[in-house]
Structures are given as structure tokens and as C-alpha cells.
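Asker: Below is the structure I would like to discuss, written out as C-alpha cells.
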Amino acid sequence: MRYKELKKQAKQPDKYMFYGKEEYFVDDFLKFLKERLNPSFAEFNFISVEQDKTSYLETLAKIESVPMMDTEKIIYFPNFVTGQNAKNSWSKKEMEEFVVITQNLAENTWLVLKMAGEDRRNNISRSLEEVCQVCKMDHLNEAELSSYIKNYFKKKKLHVEESLVAKYSSMCGYIGKNQEKTLYDINGDLEKLTAFLMQNNKISDEDLDKLIGDNKEADIFQLVDFALQGDRKKALQLYQKLSGKDNSTKTVLSVFSLLSSNLSIYIKALYFLDKGYNQATIAKELGIHAFRVKKALELKRYYTKQQALKKLELLNELDYKFKTGALPMFVLGELILYQIGEKG
């Protein structure tokens, strides 16, 4: 279940399992639950259990305790382990009993398990999933990130242009397989933008570049534009500048990912255009911001559908050669730009 849906449905105490790296979701959910508690006794009715330091019997006592001066309590496991290892002092029998207790949890208790990064295929995990609401804490996709940013500013009662949301989404370093930023990083950026907006009412592209710090991401987008437009010389010059100032491996992976993404969106957008869809509907079908569709369709000036497919196949071939060791990383970056930047 996606987090937004899970939170919307949380009307009365239930059992929850959270998996994944985007920890903002479980923290936000706990904040949401705490707001239901009597503020005067919230510290007594929010109970955090560290499984590696708390025996099964102690845990059982906490779960079965009565809420203090309130109708509900929260039991939270910040790193719940189902396998038998050093982080779990409970026996197999105790783990099995815990599943039964979870299934028959008192109606006044919210149980939140933030699962450790372990194999979900063991019997205990599967049994718990059958009795709990399960939320996978994945990165937001592009459309979800755009919606998240808009809602953030809406809560602050600030108006932002669609173009600002789209540009920030594309250059913030959150979207993409190789990105390591989380929503906590995004919130830090949005706080800077909020402070600026409260004083200046509007943010220009130049302001945005300065406010979010390192504008290397923006340079990478410019580099990819040069390559796809056939300006191989400018693309290679900018690549050499970027790989010289920072980790060239990260630069190559970012360029490769963005080139593949842009060509793929362009090809898919052409397919939907042929079926009579407009750009807004295409964006909805692809789960991305309308700005990305508009940007991708600008490639019509440079590529037919078949030419774009040929470029995408070329990227896949280079990726295969790199992953099989036939092509070293220091060669891959320039080779990608040299071949993609070749017109036709």
C-alpha cells in the first residue's frame, strides 16, 4: 500500500509494517498518530521498544499495559528483526507467539513495526504481513514528488509557478535510480525556498540555482540537452569540466540515466500522441510531470521515433559492455556522448 492511502485509512488502532529506505514516511506516520494522544500523557503512551535490548517478556508487558489517562497508546519498534541474529534476542517460539499477539492486539493499541533491512521471505515476516497493513517506503516517483512539493507550499500558503516545481524536481537529485537523496533533503531545500519566497515573493531560475547550492545537476541537464541536440563539442566540453571537479563515476551514471530516461519518455510520448492523447493526459499515463513530456517532445526537432529507438539501443549496448567488463568507466562517459551526439 502507498503511504498516502495508508495514512488516509488510519482511523482507528491497527497494526503496521514499514519497509524501505524513505524513513520520512514512518516518522510522519508516528507524528500523525501522536497527535491523537492526550498531550499531557503522550510521553507515557508512546512506547518505543528496542528489540535487541528488550526481552520478549518485557515487550509483552508493554504491549499489554493499559493506556495512561487516555483511550489509546502506540507501540513502536524502530528496527524490528524477524530472523534469528545478534539484533534479535527473542527465540523462534517467542517470535511465533508475537505473531499471534499481533493478530489479537487490543483495540486501544497502535502497533508500528519499522522493519530491519533483511529478507522478507521468512515465515515470521510472511505471517506478520498477513495480519498487518504493509507500507513500502519507496522513493516518490516524479509525479508524486511534484505533488509533494506543491502541497508543501500550499500548507505554507505560498504560491509557486508550475515551472519552478518542474525545474526543482528535475535538478534536486532525488529522481533516478542512482540518487541517494531522501525527502529529508528535499524538505531542507524547500525550507530555503520558503524563506526566500517570504521575503521576495518570486524565485527566478538563477535564484533557484543559488539557493539549492551545488548546481551540478543543472549542468548535467544542460550537458544531456547538448548531446541529444547533436552538439557533441559542447557536450564533451561540459562533461570534462564536470568530471574534473567531482566524482567522474557519479557524473557518468547521472548522464547515462538521464539520456535513457529522456529518450524513453520521448518514444512513449510519441506512441500516446499517435493515439490522440494530449500532453497532460500523456503525463498522467506515464506518472511524470507535464513539463517532462513537453521537454521530451522537443526532441521531435532532432529525432524520428526510429532514430530515438536506435539511440536507446545504443545506450543499452554500452551499458551491457560496461557491466560485463568490456568497457571501463573512464572510457564510457566520453563514448556515450560521442556516439549519442552523432547526428542521425
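Each chain in the C-alpha cells gets a letter, A, B, ..., in the order shown, and its residues are numbered from 1; ligands are numbered from 1 in order too.
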Contacts of region 149-152 of chain A at 10 Å or less, counting only C-alpha atoms, minus same-chain residues fewer than 6 places along, as a PyMOL selection string?
Answerer: chain A and resi 158-162+165-166+168-169+186-187+190-191+194
Asker: Return as JSON, numbers by chain the full set of residues in region 10-179 of chain A whose backbone-based DSSP assignment is strand (DSSP E).
Answerer: {"A": [15, 16, 17, 18, 19, 46, 47, 48, 73, 74, 75, 76, 77, 78, 79, 80, 109, 110, 111, 112, 113, 114, 115, 133, 134, 135, 136]}
Asker: Do a neighbour search on Lys295 (chain A) at 12 Å with only C-alpha atoms, toss out local chain neighbours closer than 2 positions, and write the hits as number ranges by chain.
Answerer: A: 163, 166-167, 170, 221, 225, 228, 261-263, 265-266, 269, 279, 283, 288-293, 297-301
Asker: With N, CA and C atoms retained, export the selected residues as a PDB file, in the first residue's frame.
Answerer:
ATOM      1  N   SER A 163       6.388  25.937 -13.410  1.00  0.00           N
ATOM      2  CA  SER A 163       7.727  25.822 -13.992  1.00  0.00           C
ATOM      3  C   SER A 163       8.794  25.687 -12.909  1.00  0.00           C
ATOM      4  N   ALA A 166       8.613  22.134 -11.540  1.00  0.00           N
ATOM      5  CA  ALA A 166       9.183  21.204 -12.516  1.00  0.00           C
ATOM      6  C   ALA A 166      10.702  21.284 -12.557  1.00  0.00           C
ATOM      7  N   LYS A 167      11.231  22.505 -12.539  1.00  0.00           N
ATOM      8  CA  LYS A 167      12.689  22.651 -12.605  1.00  0.00           C
ATOM      9  C   LYS A 167      13.343  22.112 -11.343  1.00  0.00           C
ATOM     10  N   SER A 170      13.421  18.328 -11.280  1.00  0.00           N
ATOM     11  CA  SER A 170      14.372  17.720 -12.208  1.00  0.00           C
ATOM     12  C   SER A 170      15.826  17.884 -11.779  1.00  0.00           C
ATOM     13  N   PHE A 221      21.913  18.418 -16.794  1.00  0.00           N
ATOM     14  CA  PHE A 221      20.760  18.533 -17.681  1.00  0.00           C
ATOM     15  C   PHE A 221      21.145  19.303 -18.954  1.00  0.00           C
ATOM     16  N   ASP A 225      21.124  17.913 -22.814  1.00  0.00           N
ATOM     17  CA  ASP A 225      20.472  18.665 -23.895  1.00  0.00           C
ATOM     18  C   ASP A 225      21.425  18.833 -25.079  1.00  0.00           C
ATOM     19  N   LEU A 228      21.759  15.404 -26.940  1.00  0.00           N
ATOM     20  CA  LEU A 228      20.576  14.996 -27.697  1.00  0.00           C
ATOM     21  C   LEU A 228      20.285  15.949 -28.856  1.00  0.00           C
ATOM     22  N   SER A 261      16.399   8.015 -19.833  1.00  0.00           N
ATOM     23  CA  SER A 261      15.079   8.449 -19.397  1.00  0.00           C
ATOM     24  C   SER A 261      14.431   9.375 -20.425  1.00  0.00           C
ATOM     25  N   ASN A 262      15.185  10.362 -20.923  1.00  0.00           N
ATOM     26  CA  ASN A 262      14.636  11.322 -21.886  1.00  0.00           C
ATOM     27  C   ASN A 262      14.214  10.650 -23.184  1.00  0.00           C
ATOM     28  N   LEU A 263      15.053   9.748 -23.687  1.00  0.00           N
ATOM     29  CA  LEU A 263      14.713   9.043 -24.929  1.00  0.00           C
ATOM     30  C   LEU A 263      13.506   8.134 -24.728  1.00  0.00           C
ATOM     31  N   ILE A 265      11.048   8.481 -22.504  1.00  0.00           N
ATOM     32  CA  ILE A 265       9.834   9.302 -22.378  1.00  0.00           C
ATOM     33  C   ILE A 265       9.407   9.806 -23.752  1.00  0.00           C
ATOM     34  N   TYR A 266      10.359  10.225 -24.562  1.00  0.00           N
ATOM     35  CA  TYR A 266      10.057  10.721 -25.910  1.00  0.00           C
ATOM     36  C   TYR A 266       9.367   9.651 -26.748  1.00  0.00           C
ATOM     37  N   ALA A 269       5.893   8.995 -25.372  1.00  0.00           N
ATOM     38  CA  ALA A 269       5.013  10.142 -25.643  1.00  0.00           C
ATOM     39  C   ALA A 269       4.546  10.138 -27.092  1.00  0.00           C
ATOM     40  N   GLN A 279      -0.809  16.352 -24.083  1.00  0.00           N
ATOM     41  CA  GLN A 279       0.374  16.253 -23.225  1.00  0.00           C
ATOM     42  C   GLN A 279       0.022  16.016 -21.758  1.00  0.00           C
ATOM     43  N   ALA A 283       1.230  12.766 -19.607  1.00  0.00           N
ATOM     44  CA  ALA A 283       1.945  12.892 -18.329  1.00  0.00           C
ATOM     45  C   ALA A 283       1.293  12.026 -17.265  1.00  0.00           C
ATOM     46  N   ILE A 288       4.476  11.177 -14.714  1.00  0.00           N
ATOM     47  CA  ILE A 288       5.525  12.190 -14.629  1.00  0.00           C
ATOM     48  C   ILE A 288       4.901  13.573 -14.749  1.00  0.00           C
ATOM     49  N   HIS A 289       5.710  14.603 -14.510  1.00  0.00           N
ATOM     50  CA  HIS A 289       5.229  15.977 -14.618  1.00  0.00           C
ATOM     51  C   HIS A 289       5.046  16.327 -16.094  1.00  0.00           C
ATOM     52  N   ALA A 290       4.014  17.151 -16.373  1.00  0.00           N
ATOM     53  CA  ALA A 290       3.722  17.553 -17.758  1.00  0.00           C
ATOM     54  C   ALA A 290       4.911  18.268 -18.404  1.00  0.00           C
ATOM     55  N   PHE A 291       5.707  18.947 -17.581  1.00  0.00           N
ATOM     56  CA  PHE A 291       6.891  19.646 -18.097  1.00  0.00           C
ATOM     57  C   PHE A 291       7.871  18.663 -18.735  1.00  0.00           C
ATOM     58  N   ARG A 292       8.003  17.459 -18.137  1.00  0.00           N
ATOM     59  CA  ARG A 292       8.911  16.451 -18.697  1.00  0.00           C
ATOM     60  C   ARG A 292       8.436  15.977 -20.062  1.00  0.00           C
ATOM     61  N   VAL A 293       7.114  15.846 -20.206  1.00  0.00           N
ATOM     62  CA  VAL A 293       6.563  15.430 -21.503  1.00  0.00           C
ATOM     63  C   VAL A 293       6.829  16.508 -22.550  1.00  0.00           C
ATOM     64  N   LEU A 297       9.187  16.015 -25.878  1.00  0.00           N
ATOM     65  CA  LEU A 297       8.647  16.157 -27.231  1.00  0.00           C
ATOM     66  C   LEU A 297       9.390  17.207 -28.054  1.00  0.00           C
ATOM     67  N   GLU A 298      10.216  18.016 -27.404  1.00  0.00           N
ATOM     68  CA  GLU A 298      11.073  18.938 -28.160  1.00  0.00           C
ATOM     69  C   GLU A 298      12.088  18.182 -29.008  1.00  0.00           C
ATOM     70  N   LEU A 299      12.303  16.900 -28.662  1.00  0.00           N
ATOM     71  CA  LEU A 299      13.241  16.074 -29.437  1.00  0.00           C
ATOM     72  C   LEU A 299      12.727  15.757 -30.839  1.00  0.00           C
ATOM     73  N   LYS A 300      11.458  16.070 -31.108  1.00  0.00           N
ATOM     74  CA  LYS A 300      10.910  15.852 -32.457  1.00  0.00           C
ATOM     75  C   LYS A 300      11.688  16.658 -33.496  1.00  0.00           C
ATOM     76  N   ARG A 301      12.311  17.742 -33.036  1.00  0.00           N
ATOM     77  CA  ARG A 301      13.121  18.570 -33.942  1.00  0.00           C
ATOM     78  C   ARG A 301      14.392  17.846 -34.368  1.00  0.00           C
TER      79      ARG A 301
END
Asker: Excluding region 104-110 of chain A and residues on its chain fewer than 6 positions from it, collect all residues at most 12 Å away from it, counting only C-alpha atoms, and give them as a ChimeraX atom specification.
Answerer: /A:10-17,29-30,32-34,36-37,45-48,60,62-68,70-77,97-98,128,131-133
Asker: With DSSP run on the backbone, what are the helix (DSSP H, G or I) residues within region 44-282 of chain A? I'd like them as a ChimeraX atom specification.
Answerer: /A:44-45,56-64,92-103,123-131,142-155,162-171,183-200,205-211,216-228,232-245,248-274,279-282
Asker: With C-alpha atoms retained, export the selected residues as a tab-separated table (two decimals), in the first residue's frame.
Answerer:
chain	number	residue	atom	x	y	z
A	44	PHE	CA	3.72	7.62	28.68
A	45	ASN	CA	1.52	6.32	25.86
A	56	TYR	CA	10.27	-10.76	24.97
A	57	LEU	CA	8.59	-10.77	28.40
A	58	GLU	CA	9.34	-7.06	28.92
A	59	THR	CA	7.91	-6.34	25.47
A	60	LEU	CA	4.81	-8.37	26.25
A	61	ALA	CA	4.24	-6.32	29.42
A	62	LYS	CA	4.49	-3.06	27.44
A	63	ILE	CA	2.04	-4.30	24.80
A	64	GLU	CA	-0.49	-5.47	27.38
A	92	LYS	CA	11.88	-18.71	17.49
A	93	LYS	CA	8.99	-19.74	19.74
A	94	GLU	CA	8.71	-16.20	21.11
A	95	MET	CA	8.66	-14.81	17.57
A	96	GLU	CA	5.82	-17.16	16.69
A	97	GLU	CA	3.93	-16.09	19.83
A	98	PHE	CA	4.46	-12.44	18.88
A	99	VAL	CA	2.65	-13.06	15.58
A	100	VAL	CA	-0.34	-14.42	17.49
A	101	ILE	CA	-0.28	-11.44	19.89
A	102	THR	CA	-0.12	-9.05	16.95
A	103	GLN	CA	-3.10	-10.74	15.36
A	123	ASN	CA	7.89	-17.39	7.80
A	124	ILE	CA	7.63	-14.76	10.55
A	125	SER	CA	7.67	-11.87	8.06
A	126	ARG	CA	5.08	-13.54	5.88
A	127	SER	CA	2.85	-14.28	8.87
A	128	LEU	CA	3.06	-10.68	10.09
A	129	GLU	CA	2.25	-9.35	6.64
A	130	GLU	CA	-0.99	-11.34	6.72
A	131	VAL	CA	-2.19	-9.50	9.84
A	142	GLU	CA	8.27	12.19	-10.41
A	143	ALA	CA	4.54	12.95	-10.31
A	144	GLU	CA	4.37	12.18	-6.58
A	145	LEU	CA	7.37	14.41	-5.86
A	146	SER	CA	5.74	17.25	-7.79
A	147	SER	CA	2.53	16.81	-5.79
A	148	TYR	CA	4.53	16.67	-2.53
A	149	ILE	CA	6.28	19.97	-3.34
A	150	LYS	CA	3.01	21.70	-4.26
A	151	ASN	CA	1.34	20.52	-1.06
A	152	TYR	CA	4.33	21.69	0.97
A	153	PHE	CA	3.99	25.24	-0.36
A	154	LYS	CA	0.18	25.11	-0.12
A	155	LYS	CA	0.44	24.40	3.62
A	162	GLU	CA	4.45	25.13	-12.19
A	163	SER	CA	7.73	25.82	-13.99
A	164	LEU	CA	9.55	26.28	-10.64
A	165	VAL	CA	8.18	22.98	-9.31
A	166	ALA	CA	9.18	21.20	-12.52
A	167	LYS	CA	12.69	22.65	-12.60
A	168	TYR	CA	13.37	21.95	-8.93
A	169	SER	CA	12.04	18.37	-9.30
A	170	SER	CA	14.37	17.72	-12.21
A	171	MET	CA	17.52	19.20	-10.67
A	183	LEU	CA	12.62	13.57	1.49
A	184	TYR	CA	14.56	14.96	4.45
A	185	ASP	CA	16.99	16.50	1.94
A	186	ILE	CA	14.07	17.79	-0.12
A	187	ASN	CA	12.48	19.35	2.96
A	188	GLY	CA	15.76	21.14	3.69
A	189	ASP	CA	15.73	22.65	0.20
A	190	LEU	CA	12.06	23.61	0.48
A	191	GLU	CA	12.71	25.40	3.77
A	192	LYS	CA	15.34	27.55	1.99
A	193	LEU	CA	12.93	28.30	-0.85
A	194	THR	CA	10.15	29.14	1.64
A	195	ALA	CA	12.35	31.63	3.49
A	196	PHE	CA	13.32	33.28	0.21
A	197	LEU	CA	9.70	33.45	-1.02
A	198	MET	CA	8.50	35.07	2.18
A	199	GLN	CA	10.89	37.95	1.53
A	200	ASN	CA	10.87	38.17	-2.28
A	205	ASP	CA	15.91	30.27	-12.26
A	206	GLU	CA	19.14	31.96	-11.18
A	207	ASP	CA	17.85	32.28	-7.60
A	208	LEU	CA	16.91	28.59	-7.60
A	209	ASP	CA	20.40	27.56	-8.71
A	210	LYS	CA	21.96	29.59	-5.90
A	211	LEU	CA	19.51	28.56	-3.17
A	216	LYS	CA	25.97	20.47	-10.89
A	217	GLU	CA	22.63	18.75	-11.54
A	218	ALA	CA	21.58	21.70	-13.71
A	219	ASP	CA	24.87	21.41	-15.66
A	220	ILE	CA	24.18	17.71	-16.24
A	221	PHE	CA	20.76	18.53	-17.68
A	222	GLN	CA	22.43	21.10	-19.95
A	223	LEU	CA	25.03	18.50	-20.97
A	224	VAL	CA	22.30	15.99	-21.89
A	225	ASP	CA	20.47	18.67	-23.89
A	226	PHE	CA	23.66	19.35	-25.88
A	227	ALA	CA	24.14	15.64	-26.57
A	228	LEU	CA	20.58	15.00	-27.70
A	232	ARG	CA	28.76	16.95	-29.43
A	233	LYS	CA	31.51	19.53	-28.92
A	234	LYS	CA	29.68	21.44	-26.17
A	235	ALA	CA	28.54	18.19	-24.55
A	236	LEU	CA	32.09	16.85	-24.31
A	237	GLN	CA	33.48	20.17	-23.04
A	238	LEU	CA	30.88	20.33	-20.25
A	239	TYR	CA	31.44	16.66	-19.39
A	240	GLN	CA	35.20	17.22	-18.98
A	241	LYS	CA	34.51	20.21	-16.74
A	242	LEU	CA	32.08	18.25	-14.54
A	243	SER	CA	34.11	15.07	-14.25
A	244	GLY	CA	37.16	17.14	-13.38
A	245	LYS	CA	35.51	18.87	-10.40
A	248	SER	CA	33.50	11.18	-12.65
A	249	THR	CA	31.73	7.86	-11.95
A	250	LYS	CA	28.71	9.65	-10.49
A	251	THR	CA	28.70	12.07	-13.44
A	252	VAL	CA	28.74	9.23	-15.98
A	253	LEU	CA	25.93	7.35	-14.24
A	254	SER	CA	23.81	10.50	-13.96
A	255	VAL	CA	24.31	11.34	-17.64
A	256	PHE	CA	23.57	7.77	-18.73
A	257	SER	CA	20.41	7.60	-16.60
A	258	LEU	CA	19.09	10.95	-17.85
A	259	LEU	CA	19.80	10.19	-21.52
A	260	SER	CA	17.98	6.86	-21.26
A	261	SER	CA	15.08	8.45	-19.40
A	262	ASN	CA	14.64	11.32	-21.89
A	263	LEU	CA	14.71	9.04	-24.93
A	264	SER	CA	12.34	6.57	-23.30
A	265	ILE	CA	9.83	9.30	-22.38
A	266	TYR	CA	10.06	10.72	-25.91
A	267	ILE	CA	9.33	7.34	-27.52
A	268	LYS	CA	6.41	6.62	-25.17
A	269	ALA	CA	5.01	10.14	-25.64
A	270	LEU	CA	5.05	9.69	-29.43
A	271	TYR	CA	3.09	6.45	-29.01
A	272	PHE	CA	0.37	8.22	-27.00
A	273	LEU	CA	0.36	11.23	-29.36
A	274	ASP	CA	-0.41	8.86	-32.24
A	279	GLN	CA	0.37	16.25	-23.22
A	280	ALA	CA	-1.46	16.45	-19.89
A	281	THR	CA	-3.02	13.02	-20.41
A	282	ILE	CA	0.32	11.55	-21.51
Asker: Set the distance at 12 Å and use only C-alpha atoms: which residues neighbour Lys136 (chain A) once local chain neighbours fewer than 2 positions away are removed? I'd like the list as a ChimeraX atom specification.
Answerer: /A:1-6,16-26,113-115,117,120,129,133-134,138-140
Asker: Write the residues of the selection above to a file with C-alpha atoms, as a tab-separated table (two decimals), in the first residue's frame.
Answerer:
chain	number	residue	atom	x	y	z
A	1	MET	CA	0.00	0.00	0.00
A	2	ARG	CA	1.23	3.51	-0.81
A	3	TYR	CA	1.77	5.75	2.20
A	4	LYS	CA	-0.80	8.40	1.28
A	5	GLU	CA	-3.56	5.78	1.10
A	6	LEU	CA	-2.41	4.08	4.31
A	16	TYR	CA	1.52	-1.58	10.53
A	17	MET	CA	4.74	-2.78	8.90
A	18	PHE	CA	7.02	-0.28	7.15
A	19	TYR	CA	9.72	-1.45	4.74
A	20	GLY	CA	12.22	0.61	2.76
A	21	LYS	CA	14.72	3.45	2.91
A	22	GLU	CA	12.47	6.53	2.78
A	23	GLU	CA	12.18	6.83	6.56
A	24	TYR	CA	10.34	10.13	6.34
A	25	PHE	CA	7.10	8.17	5.89
A	26	VAL	CA	7.26	6.22	9.14
A	113	LEU	CA	7.00	-2.04	13.06
A	114	LYS	CA	9.79	-0.40	11.09
A	115	MET	CA	11.35	-3.47	9.57
A	117	GLY	CA	16.71	-4.36	6.08
A	120	ARG	CA	11.18	-10.62	3.86
A	129	GLU	CA	2.25	-9.35	6.64
A	133	GLN	CA	-1.08	-3.12	6.97
A	134	VAL	CA	2.12	-3.11	4.90
A	138	ASP	CA	9.87	3.72	-1.71
A	139	HIS	CA	11.18	6.91	-3.23
A	140	LEU	CA	8.40	9.04	-4.70
Asker: Pick out the closest residue to Asn316 (chain A) from this set: A:Val49, A:Ile175, A:Ile336, A:Lys181. Count only C-alpha atoms.
Answerer: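 Of all the options, A:Ile336 lies closest to Asn316 (chain A).
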Asker: May I ask for the distance between CA of Glu50 (chain A) and CA of Glu180 (chain A), given in Å to one decimal place?
Answerer: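 Pair CA of Glu50 (chain A) / CA of Glu180 (chain A) returns 26.8 Å.
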